[in-house]
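Worksheet: one structure, shown below.
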Amino acid sequence: MNFEEKFNEYCCVINKRLEEVFIFEDCPQKEVFDAMKYSIKAGGKRIRPVLTLATAHMLGGNVEAALRFGVAIECIHTYSLIHDDLPCMDNDDMRRGIPTCHKRFGESTALLAGDGLLNFAFEYMSAADEISPAQTLRIISEISKCSGTWGMIGGQIVDLANEGRTDVREELLTYMHSLKTGALIRAAVISGGLCSDADENELQALTRFADCLGLAFQIQDDILDCIGDSQVLGKPVGSDQQNDKTTYVTLLGIDGAKRKAEALTQAALDSLDMFNEAGEFLRSLALWLMGREK
Ligand code: GRG
């Protein structure tokens, strides 16, 4: 099976599970469930759960458990996108090729749908029965740190504070993105490792892989916001400039940003050396993400 076939196979498994967990009975709070489902079903690349599954697969770990944690991380990621699109944040109208959650359901429902997805993720993770309670607790602890103020939310507040500033240096930009975008990607990879009883050496290599990949991913995001095609991306381009944000493109130029993404991708590949041939899918994924157009 080649990379693309394997990637699509992982996505099918993930989408099937998302379909299964998002079946809700008719009830007075149906509106919030509909909004949660709307954003989850809109698609997206499913990079984070694919990373969780592929890491567990690479290490011969518990793939069923990895699927559960990967799906939970996708719910957290989707919540962050719903909130990020709100008028009080980036105020975007389109996401994943369709109107954003608040454009379709209104601001209050979208806010609650994000909260609903975040809470559902923890409900779903705490019901894990595929691995030991101690392993489950360790993974939930890792994911909470990475999605909270030590991770994604921390990065978001630094990002907001930087808006309109002209003195943001590369060091601060990297710090901000290692939290805002990088932390959840790290949680996805590490969760796959923890579902596989990875040892400290393996966890260190996985952390390095995820950190380099997360930053390269963000740089490509900055590049696409500048020179991408909004039809392919499913969201408008130029929002960074509109929101007066410092990005890798504003600091390094398009070519400099591309060179940085390439160097980080190479470092991500190098960090998988210890996994030999088993690391082939993750290596291909890192290369594919660098060349992505959406
Ligand atoms: C509590 C108000 C509130 C906010 C929560 C919004 C937020 C904290 C954090 C923002 C996190 C964020 C939007 C990071 C951007 C990361 C990023 C590059 C997202 C795009 O990821 P893709 O390309 O998207 O994987 P798809 O749609 O493919 O899943």
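By order of appearance in the structure tokens: chains A, B, ..., then residues from 1 within every chain, and ligands from 1 in the order shown.
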
May I have the residues within 8 Å of segment 222-228 of chain A as a PyMOL selection string, using only C-alpha atoms and disregarding those fewer than 2 positions away in the same chain?
chain A and resi 218-220+230+232-233+236-240+247-249+254+257-258+293-294

Counting only C-alpha atoms and all ligand atoms, name the residues that have an atom within 9 Å of an atom of ligand 1; the answer should be given as a PyMOL selection string.
chain A and resi 42-48+74+77-86+88-90+95-96+111+114-115+147-149+152-157+177+179-182+184+214+217-222+233-234+294

Taking 6 positions as the minimum chain separation for residues in the same chain, which residues sit within 6 Å of segment 188-199 of chain A when counting only C-alpha atoms? Answer as a PyMOL selection string.
chain A and resi 48+51-52+55-56+61-62+66+139

For the selection just defined, write its residues with N, CA, C and O atoms to a file, as a JSON list (two decimals), in the first residue's frame.
```json
[["chain", "number", "residue", "atom", "x", "y", "z"],
["A", 48, "ARG", "N", -4.10, 15.23, 12.80],
["A", 48, "ARG", "CA", -3.76, 14.88, 14.19],
["A", 48, "ARG", "C", -4.14, 13.44, 14.52],
["A", 48, "ARG", "O", -3.29, 12.68, 15.01],
["A", 51, "LEU", "N", -1.81, 11.09, 12.85],
["A", 51, "LEU", "CA", -0.52, 11.01, 13.54],
["A", 51, "LEU", "C", -0.60, 10.05, 14.73],
["A", 51, "LEU", "O", 0.32, 9.27, 14.98],
["A", 52, "THR", "N", -1.70, 10.12, 15.48],
["A", 52, "THR", "CA", -1.84, 9.25, 16.65],
["A", 52, "THR", "C", -1.88, 7.78, 16.22],
["A", 52, "THR", "O", -1.17, 6.93, 16.77],
["A", 55, "THR", "N", 1.51, 6.60, 14.67],
["A", 55, "THR", "CA", 2.58, 6.42, 15.66],
["A", 55, "THR", "C", 2.38, 5.11, 16.41],
["A", 55, "THR", "O", 3.33, 4.33, 16.62],
["A", 56, "ALA", "N", 1.12, 4.85, 16.80],
["A", 56, "ALA", "CA", 0.84, 3.59, 17.50],
["A", 56, "ALA", "C", 1.14, 2.40, 16.60],
["A", 56, "ALA", "O", 1.71, 1.39, 17.03],
["A", 61, "GLY", "N", 1.69, -0.68, 18.81],
["A", 61, "GLY", "CA", 0.91, -0.42, 20.03],
["A", 61, "GLY", "C", -0.57, -0.73, 19.87],
["A", 61, "GLY", "O", -0.99, -1.39, 18.92],
["A", 62, "ASN", "N", -1.36, -0.23, 20.82],
["A", 62, "ASN", "CA", -2.80, -0.49, 20.84],
["A", 62, "ASN", "C", -3.51, 0.52, 19.92],
["A", 62, "ASN", "O", -3.79, 1.66, 20.31],
["A", 66, "ALA", "N", -5.47, 4.17, 20.36],
["A", 66, "ALA", "CA", -4.96, 5.34, 19.61],
["A", 66, "ALA", "C", -6.10, 6.00, 18.84],
["A", 66, "ALA", "O", -6.16, 7.24, 18.76],
["A", 139, "ILE", "N", -2.24, 9.81, 29.43],
["A", 139, "ILE", "CA", -2.53, 10.40, 28.11],
["A", 139, "ILE", "C", -3.46, 11.61, 28.27],
["A", 139, "ILE", "O", -3.24, 12.66, 27.67]]
```

Could you work out how far atom CA of Val71 of chain A lies from atom CA of Gly97 of chain A, giving the answer in Å with one decimal?
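Straight-line distance from atom CA of Gly97 of chain A to atom CA of Val71 of chain A works out to 20.9 Å.
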
Counting only C-alpha atoms, figure out which residue out of A:Cys75, A:Leu172, A:Cys146, A:Leu18 gets nearest to Gly116 of chain A.
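Checking each of A:Cys75, A:Leu172, A:Cys146, A:Leu18 against Gly116 of chain A, counting only C-alpha atoms, the winner is A:Cys75.
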
Could you state the separation of atom CA of Glu170 of chain A and atom CA of Ile73 of chain A in Å, given to one decimal place?
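Answer for the atom CA of Glu170 of chain A to atom CA of Ile73 of chain A separation: 27.9 Å.
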
Got a sec to tell me which of segment 20-106 of chain A DSSP assigns to strand (DSSP E or B), as a PyMOL selection string?
chain A and resi 94-95+98-99
